[in-house]
Amino acid sequence: MVMLKNRDIISILDFTKEEISYVLDLSKKMEEQSHTDLLKGKILANLFFEPSTRTRLSFETAMKRLGGDVIGFDDPGKTSTVKGESLKDSVKIVEGYCDIIVLRHFLEGASRLTADTVNVPVINAGDGASQHPTQTFLDLYTIKNTKGGLEGLKVGFLGDLKYGRTAHSLAYALTHFNAEMFFISPPSLRIPKDYIDQLKSRGITYHEVDSLFEIRSNLDILYCTRIQKERFADPVEYEKVRGIYKLSSAVLDDLKLGNDLKILHPLPRVEEMDESLDSTDYAAYFQQAHSGVPVREALLAAVLGVLQ
Amino acid sequence: MVMLKNRDIISILDFTKEEISYVLDLSKKMEEQSHTDLLKGKILANLFFEPSTRTRLSFETAMKRLGGDVIGFDDPGKTSTVKGESLKDSVKIVEGYCDIIVLRHFLEGASRLTADTVNVPVINAGDGASQHPTQTFLDLYTIKNTKGGLEGLKVGFLGDLKYGRTAHSLAYALTHFNAEMFFISPPSLRIPKDYIDQLKSRGITYHEVDSLFEIRSNLDILYCTRIQKERFADPVEYEKVRGIYKLSSAVLDDLKLGNDLKILHPLPRVEEMDESLDSTDYAAYFQQAHSGVPVREALLAAVLGVLQ
Amino acid sequence: MVMLKNRDIISILDFTKEEISYVLDLSKKMEEQSHTDLLKGKILANLFFEPSTRTRLSFETAMKRLGGDVIGFDDPGKTSTVKGESLKDSVKIVEGYCDIIVLRHFLEGASRLTADTVNVPVINAGDGASQHPTQTFLDLYTIKNTKGGLEGLKVGFLGDLKYGRTAHSLAYALTHFNAEMFFISPPSLRIPKDYIDQLKSRGITYHEVDSLFEIRSNLDILYCTRIQKERFADPVEYEKVRGIYKLSSAVLDDLKLGNDLKILHPLPRVEEMDESLDSTDYAAYFQQAHSGVPVREALLAAVLGVLQ
């Protein structure tokens with residue numbers, strides 16, 4: 001039996017297939033009915049050492065929809081960090097003010113350190129270029145809802161596969177469900193070798209190509225990512241690849257990836273995906289963003305032990 | 001019958017006399033009794049792309065006094081806007097997290113665009129130099145409370161009548177109630193011609209003068225505005241008019257505008273209105289500021305369809 | 001009988017011994033049982049004109065744990081202050097939005113001014129280098145909890161005793177309870193003469209030394225403070241004293257201050273107190289930080305008149 005009470009949510013790699021399926025089922029229940037007083041009296045501390053509006057707001061909404069409340073900050077410039085306080089001290093103090101901590105930090109490993117330091121459960125809301133597990137849960141939830149299941153799908157990943165942590169985590173999670181994977185990126189932004197090794201060791205069929213036009217198969221899902229300027233040390237390198245993929249309604253019609261294709265994107269998008277797509281049946285990215293609420297409700301309720 | 005459920009509140013120009021009166025009556029009810037659980041489980045997203053503490057806080061209080069809750073931000077520097085996200089995308093995502101959006105934006109038309117984009121109701125909390133309808137509702141509410149009614153009042157407008165959106169909107173709204181209007185401003189800050197044309201077409205009696213001392217009539221209301229430095233492209237032009245009007249208790253006694261005069265001001269004030277006025281019977285501006293809560297409660301309850 | 005309803009909490013000097021004891025007893029009750037709906041419908045305005053994450057968050061948690069709600073800001077740069085509004089005007093407006101104001105301000109006297117201006121109760125959450133009474137209440141609460149009582153304790157104060165307002169206020173409060181005091185600081189950071197005069201006039205036994213090694217007595221409490229760089233006009237003076245005291249587990253064992261010693265610190269710490277102390281029985285500073293919640297719950301409930 002799956003037990004998530006007091007569990008820290010640090011990386012999608014910590015979750016078994018059974019646990020993932022359990023969270024997705026619970027998310028469905030959260031979406032289907034309201035649970036107004038489930039977390040009454042509970043307090044979540046939203047500690048955002050790096051800004052992230054949509055993640056922060058959807059955690060707030062999830063907590064408040066369940067009757068709980070939220071404290072926190074979204075700007076480390078206003079915390080004791082500027083007086084030289086260590087992260088360990090900061091979270092040790094805040095654990096006395098709350099029942100659960102949601103942490104966003106610019107440093108890889110900050111969430112694991114926090115979980116090792118405090119006695120309340122910790123949810124990683126993104127640490128550096130590393131993990132962002134609740135994003136992966138909501139990606140999986142959206143795929144399951146749009147395709148009717150998760151087993152044996154053909155999934156394309158497009159864009160920055162070198163730095164895109166959401167693509168890495170989703171690819172890993174989909175190894176549980178026997179996906180066939182297509183990685184589409186410029187050579188300079190290929191998925192790192194250790195991820196490929198992981199896929200191989202788990203017997204996953206995969207393909208690496210430069211262009212969507214090289215794909216000769218229908219796809220169930222195309223997972224697009226933004227090419228993130230802020231990850232490039234050299235602006236010349238960024239200029240070489242920015243705008244290399246520009247999806248639009250017209251391009252999609254040319255591509256022949258099948259009528260059942262659903263496009264996901266963690267958002268924000270900049271120029272890689274045209275507004276013309278929004279009104280097509282392909283578009284699932286706003287639905288995906290909205291899934292943040294029921295998925296985070298499910299995780300909060302499970303970790304706080306009020307639902308099993 | 002007036003029905004405001006799911007109505008967007010974008011401009012006072014969208015409201016009929018009957019609807020305005022309805023909102024003011026509902027505001028009175030909100031002020032007279034508490035409604036602790038009226039909006040329980042509802043979430044308001046306060047999206048402030050431009051800071052405005054008092055508007056933001058009074059919306060928060062209104063929502064929370066009715067048992068609802070609030071998410072949001074007050075600094076666009078911390079949102080995905082800095083990553084290049086469009087306003088349309090931002091609000092399309094946030095609509096999945098809330099039941100109603102309150103938007104403050106530096107660009108004229110941002111609220112209308114938002115209302116056209118999302119399915120939840122939108123309240124404009126100020127867009128650029130354009131509209132700020134909830135301010136006008138609370139101005140009207142204060143006038144009605146202090147004068148016992150709205151019909152046939154003599155209303156003066158003082159200060160920056162060129163850029164002052166609150167004066168423009170209030171003047172427009174008062175055309176429904178057959179006001180006689182007095183516009184007092186330096187020649188360089190006269191009310192724009194299209195507003196005057198509107199008054200004419202609606203048969204409103206009005207006067208334009210340079211100085212309060214030219215007014216030979218008692219006034220019911222004097223609506224003062226701050227001369228806003230930030231609206232002047234040329235600091236020399238600002239220096240010419242700053243401090244041109246300095247109301248004080250002594251000046252008011254000299255003016256002979258009548259003992260029943262009430263002074264309103266959207267605040268903040270800087271040097272145009274002296275503290276000596278605060279303890280006089282003329283002063284209604286703090287009462288006006290406090291009216292923000294019942295008026296916004298009424299609008300939230302009506303738009304969310306829990307009261308009719 | 002102690003009556004704190006509608007009382008402003010501005011300085012610990014305003015409180016009698018009986019009132020202090022009453023607040024500490026009430027804090028204990030708040031800690032021992034939850035009071036979920038005690039402040040339902042009440043709104044606290046957290047006005048932080050100077051950032052202070054832990055004070056702000058613990059007030060938020062206290063209010064929300066009692067069923068109340070919170071509005072506010074933590075960055076004066078986003079308020080009407082930047083448009084030139086006076087503090088008096090700002091708080092006069094906000095009092096219409098709330099039932100109680102918690103104010104943090106960089107200017108000494110700001111809280112007293114606010115209390116004199118508004119009709120809702122005001123709690124001082126720190127004004128400049130002056131008063132921070134809720135910190136003193138939680139310091140006392142922690143001392144009482146760790147030592148079983150407050151009467152006749154031997155209390156050391158270490159570090160910056162010239163600028164450290166928390167040390168000044170705590171020393172004052174402990175004069176009610178007949179403490180023997182030891183002030184340990186470099187000569188340039190001695191406790192100001194008027195505080196010493198106060199102790200003398202109240203018949204308190206005290207000692208001033210340069211080093212902890214000069215103390216020949218067991219201590220019940222050692223109250224450490226950070227040497228605050230931001231209080232020094234001259235960086236050379238700061239460099240002379242920074243790091244002059246570095247407590248660690250090893251240093252404590254050398255000192256022979258007794259096994260029952262408890263170390264408090266208002267936090268954040270920087271280099272004056274080593275992590276090696278955290279796991280010793282001496283460490284009471286995290287417990288102290290966590291006491292902020294029940295103590296502030298007690299003050300809010302008492303001032304809002306829902307508990308006596």
# chains A, B, ... in the order shown; residues from 1 in each chain; ligands from 1
call {"tool": "residues_around", "arguments": {"residues": "Lys193 in chain B", "least_positions_apart": "3", "cutoff": "12 Å", "atoms": "only C-alpha atoms", "output": "compact mmCIF listing (two decimals) with N, CA and C atoms, in the first residue's frame"}}
result
# COMPACT_ATOMS: atom_id res chain seq x y z
N LEU B 161 -6.72 68.20 -14.08
CA LEU B 161 -7.89 67.67 -14.76
C LEU B 161 -7.55 67.15 -16.15
N LYS B 162 -6.29 67.31 -16.53
CA LYS B 162 -5.85 66.80 -17.83
C LYS B 162 -5.54 65.30 -17.73
N HIS B 168 -12.00 62.37 -14.35
CA HIS B 168 -12.71 62.12 -15.61
C HIS B 168 -13.86 61.14 -15.39
N LEU B 189 -3.62 72.40 -17.50
CA LEU B 189 -4.13 71.12 -17.00
C LEU B 189 -5.65 71.04 -17.09
N ARG B 190 -6.24 71.71 -18.09
CA ARG B 190 -7.68 71.68 -18.31
C ARG B 190 -8.17 70.26 -18.66
N ILE B 196 -15.48 67.31 -22.25
CA ILE B 196 -16.39 68.45 -22.29
C ILE B 196 -17.52 68.20 -23.31
N ASP B 197 -17.14 67.65 -24.45
CA ASP B 197 -18.14 67.36 -25.48
C ASP B 197 -19.19 66.38 -24.95
N GLN B 198 -18.73 65.42 -24.19
CA GLN B 198 -19.64 64.44 -23.60
C GLN B 198 -20.63 65.12 -22.66
N LEU B 199 -20.11 66.02 -21.83
CA LEU B 199 -20.99 66.73 -20.89
C LEU B 199 -22.04 67.53 -21.66
N LYS B 200 -21.56 68.23 -22.70
CA LYS B 200 -22.49 69.04 -23.51
C LYS B 200 -23.59 68.17 -24.09
N GLU B 208 -15.63 76.37 -16.33
CA GLU B 208 -14.19 76.16 -16.24
C GLU B 208 -13.53 77.44 -15.72
call {"tool": "select_by_dssp", "arguments": {"residues": "range 120-228 of chain A", "states": "alpha helix (DSSP H)", "output": "count of residues only"}}
result
34
call {"tool": "residues_around", "arguments": {"residues": "Asp160 in chain B", "least_positions_apart": "4", "cutoff": "7 Å", "atoms": "only C-alpha atoms", "output": "NGL selection string"}}
result
:B and (164 or 185 or 189 or 225-227)
call {"tool": "residues_around", "arguments": {"residues": "Thr134 in chain C", "least_positions_apart": "4", "cutoff": "12 Å", "atoms": "only C-alpha atoms", "output": "number ranges by chain"}}
result
C: 8-13, 15, 20, 23-24, 27, 55-56, 58-59, 102-104, 122-127, 138-141, 166, 169-170, 173, 266, 289, 291-300
call {"tool": "write_last_selection", "arguments": {"atoms": "N, CA and C atoms", "output": "tab-separated table (two decimals), in the first residue's frame"}}
result
chain	number	residue	atom	x	y	z
C	8	ASP	N	-2.15	49.23	22.94
C	8	ASP	CA	-1.05	49.25	21.99
C	8	ASP	C	0.18	48.60	22.63
C	9	ILE	N	0.91	47.83	21.82
C	9	ILE	CA	2.12	47.17	22.33
C	9	ILE	C	3.32	47.89	21.71
C	10	ILE	N	3.82	48.90	22.39
C	10	ILE	CA	4.86	49.75	21.78
C	10	ILE	C	6.23	49.50	22.38
C	11	SER	N	6.28	49.37	23.70
C	11	SER	CA	7.58	49.18	24.36
C	11	SER	C	7.38	48.30	25.57
C	12	ILE	N	8.36	47.45	25.85
C	12	ILE	CA	8.26	46.59	27.03
C	12	ILE	C	8.25	47.44	28.31
C	13	LEU	N	8.74	48.67	28.20
C	13	LEU	CA	8.74	49.55	29.37
C	13	LEU	C	7.34	49.96	29.82
C	15	PHE	N	4.95	47.91	30.33
C	15	PHE	CA	4.26	46.79	30.95
C	15	PHE	C	4.72	46.55	32.39
C	20	ILE	N	3.25	41.42	32.33
C	20	ILE	CA	4.20	40.52	31.64
C	20	ILE	C	3.89	39.07	31.99
C	23	VAL	N	0.85	37.82	30.14
C	23	VAL	CA	1.09	37.50	28.73
C	23	VAL	C	1.82	36.16	28.60
C	24	LEU	N	2.77	35.90	29.48
C	24	LEU	CA	3.51	34.63	29.40
C	24	LEU	C	2.61	33.45	29.72
C	27	SER	N	0.46	32.85	26.72
C	27	SER	CA	1.26	32.23	25.66
C	27	SER	C	1.32	30.71	25.87
C	55	THR	N	10.00	37.94	11.76
C	55	THR	CA	8.95	38.61	12.53
C	55	THR	C	7.65	38.65	11.74
C	56	ARG	N	7.76	38.99	10.46
C	56	ARG	CA	6.56	39.05	9.62
C	56	ARG	C	5.89	37.68	9.54
C	58	SER	N	6.11	35.06	11.51
C	58	SER	CA	5.55	34.49	12.74
C	58	SER	C	4.28	35.23	13.15
C	59	PHE	N	4.19	36.51	12.86
C	59	PHE	CA	2.90	37.20	13.08
C	59	PHE	C	1.83	36.62	12.15
C	102	VAL	N	0.25	45.74	12.70
C	102	VAL	CA	1.60	45.41	13.15
C	102	VAL	C	2.56	46.22	12.29
C	103	LEU	N	3.39	47.02	12.92
C	103	LEU	CA	4.24	47.95	12.18
C	103	LEU	C	5.72	47.69	12.42
C	104	ARG	N	6.46	47.58	11.34
C	104	ARG	CA	7.92	47.57	11.40
C	104	ARG	C	8.38	48.79	10.63
C	122	VAL	N	-2.19	48.90	17.85
C	122	VAL	CA	-0.94	48.85	17.09
C	122	VAL	C	0.09	48.02	17.87
C	123	ILE	N	0.73	47.10	17.16
C	123	ILE	CA	1.84	46.36	17.77
C	123	ILE	C	3.13	46.77	17.07
C	124	ASN	N	4.10	47.20	17.85
C	124	ASN	CA	5.41	47.56	17.34
C	124	ASN	C	6.22	46.29	17.04
C	125	ALA	N	6.56	46.09	15.80
C	125	ALA	CA	7.38	44.93	15.41
C	125	ALA	C	8.81	45.37	15.14
C	126	GLY	N	9.23	46.42	15.84
C	126	GLY	CA	10.59	46.93	15.69
C	126	GLY	C	10.60	48.29	15.04
C	127	ASP	N	11.10	49.30	15.77
C	127	ASP	CA	11.24	50.62	15.14
C	127	ASP	C	12.68	51.10	15.32
C	138	LEU	N	8.96	37.06	23.85
C	138	LEU	CA	9.31	35.68	23.50
C	138	LEU	C	10.63	35.27	24.13
C	139	ASP	N	11.53	36.22	24.36
C	139	ASP	CA	12.76	35.91	25.09
C	139	ASP	C	12.41	35.48	26.52
C	140	LEU	N	11.55	36.25	27.16
C	140	LEU	CA	11.14	35.92	28.52
C	140	LEU	C	10.43	34.57	28.59
C	141	TYR	N	9.58	34.35	27.60
C	141	TYR	CA	8.83	33.08	27.55
C	141	TYR	C	9.79	31.89	27.45
C	166	THR	N	17.54	44.31	21.54
C	166	THR	CA	16.91	43.16	22.20
C	166	THR	C	17.53	42.94	23.58
C	169	SER	N	16.18	45.70	26.03
C	169	SER	CA	14.80	45.49	26.47
C	169	SER	C	14.69	44.31	27.42
C	170	LEU	N	15.43	43.24	27.10
C	170	LEU	CA	15.37	42.07	27.97
C	170	LEU	C	15.94	42.40	29.35
C	173	ALA	N	13.36	44.26	31.25
C	173	ALA	CA	12.25	43.41	31.70
C	173	ALA	C	12.67	42.53	32.87
C	266	PRO	N	18.74	36.12	19.40
C	266	PRO	CA	17.55	36.52	18.63
C	266	PRO	C	17.61	36.10	17.16
C	289	ALA	N	13.12	30.97	18.81
C	289	ALA	CA	12.51	31.47	17.57
C	289	ALA	C	11.09	30.94	17.42
C	291	SER	N	9.06	30.12	19.67
C	291	SER	CA	8.17	30.73	20.66
C	291	SER	C	7.48	31.97	20.13
C	292	GLY	N	8.00	32.52	19.04
C	292	GLY	CA	7.36	33.69	18.44
C	292	GLY	C	5.90	33.45	18.14
C	293	VAL	N	5.55	32.23	17.77
C	293	VAL	CA	4.15	31.97	17.40
C	293	VAL	C	3.20	32.02	18.60
C	294	PRO	N	3.40	31.18	19.65
C	294	PRO	CA	2.44	31.27	20.76
C	294	PRO	C	2.42	32.63	21.45
C	295	VAL	N	3.57	33.27	21.56
C	295	VAL	CA	3.62	34.58	22.23
C	295	VAL	C	2.84	35.61	21.42
C	296	ARG	N	3.00	35.59	20.09
C	296	ARG	CA	2.27	36.56	19.27
C	296	ARG	C	0.78	36.20	19.20
C	297	GLU	N	0.48	34.91	19.23
C	297	GLU	CA	-0.94	34.50	19.34
C	297	GLU	C	-1.56	35.10	20.59
C	298	ALA	N	-0.85	34.99	21.70
C	298	ALA	CA	-1.38	35.50	22.97
C	298	ALA	C	-1.60	37.01	22.90
C	299	LEU	N	-0.63	37.73	22.36
C	299	LEU	CA	-0.76	39.18	22.28
C	299	LEU	C	-1.91	39.58	21.36
C	300	LEU	N	-2.03	38.92	20.21
C	300	LEU	CA	-3.12	39.24	19.29
C	300	LEU	C	-4.47	38.97	19.93
call {"tool": "interface_residues", "arguments": {"of": "chain B", "to": "chain C", "cutoff": "6 Å", "atoms": "only C-alpha atoms", "output": "list in words"}}
result
Pro51, Thr53, Arg65, Pro268, Val270 and His290 of chain B
call {"tool": "atom_distance", "arguments": {"atom1": "CA of Tyr195 in chain A", "atom2": "CA of Phe182 in chain A"}}
result
13.3 Å
call {"tool": "select_by_dssp", "arguments": {"residues": "range 153-298 of chain B", "states": "strand (DSSP E or B)", "output": "ChimeraX atom specification"}}
result
/B:154-158,180-184,206-209,221-224,247,262-264,273,283
call {"tool": "write_last_selection", "arguments": {"atoms": "C-alpha atoms", "output": "mmCIF file, in the first residue's frame"}}
result
data_model
loop_
_atom_site.group_PDB
_atom_site.id
_atom_site.type_symbol
_atom_site.label_atom_id
_atom_site.label_comp_id
_atom_site.auth_asym_id
_atom_site.auth_seq_id
_atom_site.Cartn_x
_atom_site.Cartn_y
_atom_site.Cartn_z
ATOM 1 C CA LYS B 154 -22.866 71.051 -7.324
ATOM 2 C CA VAL B 155 -19.491 69.391 -7.699
ATOM 3 C CA GLY B 156 -16.090 71.035 -8.101
ATOM 4 C CA PHE B 157 -13.062 69.269 -9.546
ATOM 5 C CA LEU B 158 -9.691 70.716 -8.583
ATOM 6 C CA GLU B 180 -23.624 70.965 -12.056
ATOM 7 C CA MET B 181 -19.861 70.854 -12.483
ATOM 8 C CA PHE B 182 -17.026 73.290 -11.772
ATOM 9 C CA PHE B 183 -13.604 72.511 -13.225
ATOM 10 C CA ILE B 184 -10.799 74.407 -11.486
ATOM 11 C CA TYR B 206 -20.449 73.178 -16.321
ATOM 12 C CA HIS B 207 -17.925 75.955 -15.644
ATOM 13 C CA GLU B 208 -14.186 76.165 -16.236
ATOM 14 C CA VAL B 209 -12.116 78.492 -14.050
ATOM 15 C CA ILE B 221 -18.496 68.455 -3.158
ATOM 16 C CA LEU B 222 -14.945 69.498 -3.959
ATOM 17 C CA TYR B 223 -13.013 66.675 -5.558
ATOM 18 C CA CYS B 224 -9.270 67.371 -5.278
ATOM 19 C CA LEU B 247 -5.977 73.859 0.499
ATOM 20 C CA LYS B 262 -17.343 67.956 1.642
ATOM 21 C CA ILE B 263 -13.832 67.528 0.304
ATOM 22 C CA LEU B 264 -12.839 64.286 -1.410
ATOM 23 C CA MET B 273 -4.071 69.608 0.898
ATOM 24 C CA ALA B 283 -12.801 66.389 5.311
#
call {"tool": "residues_around", "arguments": {"residues": "range 252-259 of chain C", "least_positions_apart": "5", "cutoff": "9 Å", "atoms": "only C-alpha atoms", "output": "NGL selection string"}}
result
:C and (212-213 or 215-220 or 247 or 277 or 281-282)
call {"tool": "closest_residue", "arguments": {"among": "C:Thr142, C:Ser111, C:Asn178, C:Gln33", "to": "Gln288 in chain C", "atoms": "only C-alpha atoms"}}
result
C:Thr142
call {"tool": "atom_distance", "arguments": {"atom1": "CA of Gly243 in chain A", "atom2": "CA of Glu271 in chain A"}}
result
6.2 Å
call {"tool": "decode", "arguments": {"residues": "range 195-216 of chain A", "atoms": "N, CA and C atoms", "output": "PDB file, in the first residue's frame"}}
result
ATOM      1  N   TYR A 195      21.448  10.507 -19.261  1.00  0.00           N
ATOM      2  CA  TYR A 195      20.013  10.217 -19.403  1.00  0.00           C
ATOM      3  C   TYR A 195      19.790   9.124 -20.435  1.00  0.00           C
ATOM      4  N   ILE A 196      20.552   9.221 -21.539  1.00  0.00           N
ATOM      5  CA  ILE A 196      20.449   8.198 -22.580  1.00  0.00           C
ATOM      6  C   ILE A 196      20.843   6.829 -22.021  1.00  0.00           C
ATOM      7  N   ASP A 197      21.901   6.827 -21.208  1.00  0.00           N
ATOM      8  CA  ASP A 197      22.335   5.558 -20.608  1.00  0.00           C
ATOM      9  C   ASP A 197      21.240   4.950 -19.744  1.00  0.00           C
ATOM     10  N   GLN A 198      20.555   5.820 -19.011  1.00  0.00           N
ATOM     11  CA  GLN A 198      19.453   5.358 -18.172  1.00  0.00           C
ATOM     12  C   GLN A 198      18.354   4.714 -19.008  1.00  0.00           C
ATOM     13  N   LEU A 199      18.008   5.372 -20.123  1.00  0.00           N
ATOM     14  CA  LEU A 199      16.973   4.824 -21.001  1.00  0.00           C
ATOM     15  C   LEU A 199      17.396   3.451 -21.523  1.00  0.00           C
ATOM     16  N   LYS A 200      18.650   3.374 -21.942  1.00  0.00           N
ATOM     17  CA  LYS A 200      19.158   2.092 -22.470  1.00  0.00           C
ATOM     18  C   LYS A 200      19.052   0.998 -21.418  1.00  0.00           C
ATOM     19  N   SER A 201      19.492   1.327 -20.208  1.00  0.00           N
ATOM     20  CA  SER A 201      19.507   0.309 -19.156  1.00  0.00           C
ATOM     21  C   SER A 201      18.094  -0.137 -18.804  1.00  0.00           C
ATOM     22  N   ARG A 202      17.118   0.703 -19.125  1.00  0.00           N
ATOM     23  CA  ARG A 202      15.742   0.338 -18.816  1.00  0.00           C
ATOM     24  C   ARG A 202      15.007  -0.175 -20.064  1.00  0.00           C
ATOM     25  N   GLY A 203      15.795  -0.396 -21.136  1.00  0.00           N
ATOM     26  CA  GLY A 203      15.231  -1.039 -22.324  1.00  0.00           C
ATOM     27  C   GLY A 203      14.254  -0.173 -23.112  1.00  0.00           C
ATOM     28  N   ILE A 204      14.415   1.140 -23.035  1.00  0.00           N
ATOM     29  CA  ILE A 204      13.507   2.054 -23.725  1.00  0.00           C
ATOM     30  C   ILE A 204      13.958   2.281 -25.176  1.00  0.00           C
ATOM     31  N   THR A 205      13.024   2.232 -26.104  1.00  0.00           N
ATOM     32  CA  THR A 205      13.323   2.571 -27.497  1.00  0.00           C
ATOM     33  C   THR A 205      13.322   4.091 -27.648  1.00  0.00           C
ATOM     34  N   TYR A 206      14.404   4.620 -28.236  1.00  0.00           N
ATOM     35  CA  TYR A 206      14.475   6.079 -28.394  1.00  0.00           C
ATOM     36  C   TYR A 206      15.141   6.442 -29.707  1.00  0.00           C
ATOM     37  N   HIS A 207      14.920   7.690 -30.149  1.00  0.00           N
ATOM     38  CA  HIS A 207      15.469   8.208 -31.404  1.00  0.00           C
ATOM     39  C   HIS A 207      15.955   9.622 -31.157  1.00  0.00           C
ATOM     40  N   GLU A 208      17.098   9.977 -31.738  1.00  0.00           N
ATOM     41  CA  GLU A 208      17.578  11.362 -31.651  1.00  0.00           C
ATOM     42  C   GLU A 208      17.638  11.951 -33.044  1.00  0.00           C
ATOM     43  N   VAL A 209      16.972  13.082 -33.248  1.00  0.00           N
ATOM     44  CA  VAL A 209      16.960  13.718 -34.570  1.00  0.00           C
ATOM     45  C   VAL A 209      17.113  15.237 -34.419  1.00  0.00           C
ATOM     46  N   ASP A 210      17.429  15.882 -35.545  1.00  0.00           N
ATOM     47  CA  ASP A 210      17.601  17.334 -35.540  1.00  0.00           C
ATOM     48  C   ASP A 210      16.289  18.069 -35.792  1.00  0.00           C
ATOM     49  N   SER A 211      15.366  17.405 -36.532  1.00  0.00           N
ATOM     50  CA  SER A 211      14.180  18.120 -36.990  1.00  0.00           C
ATOM     51  C   SER A 211      12.948  17.262 -36.857  1.00  0.00           C
ATOM     52  N   LEU A 212      11.833  17.918 -36.560  1.00  0.00           N
ATOM     53  CA  LEU A 212      10.554  17.216 -36.496  1.00  0.00           C
ATOM     54  C   LEU A 212      10.216  16.545 -37.817  1.00  0.00           C
ATOM     55  N   PHE A 213      10.742  17.097 -38.931  1.00  0.00           N
ATOM     56  CA  PHE A 213      10.410  16.536 -40.243  1.00  0.00           C
ATOM     57  C   PHE A 213      11.052  15.176 -40.473  1.00  0.00           C
ATOM     58  N   GLU A 214      12.001  14.829 -39.616  1.00  0.00           N
ATOM     59  CA  GLU A 214      12.628  13.504 -39.754  1.00  0.00           C
ATOM     60  C   GLU A 214      11.803  12.403 -39.113  1.00  0.00           C
ATOM     61  N   ILE A 215      10.753  12.789 -38.392  1.00  0.00           N
ATOM     62  CA  ILE A 215       9.956  11.771 -37.697  1.00  0.00           C
ATOM     63  C   ILE A 215       8.935  11.168 -38.649  1.00  0.00           C
ATOM     64  N   ARG A 216       8.979   9.853 -38.787  1.00  0.00           N
ATOM     65  CA  ARG A 216       8.121   9.147 -39.755  1.00  0.00           C
ATOM     66  C   ARG A 216       7.006   8.384 -39.046  1.00  0.00           C
TER      67      ARG A 216
END
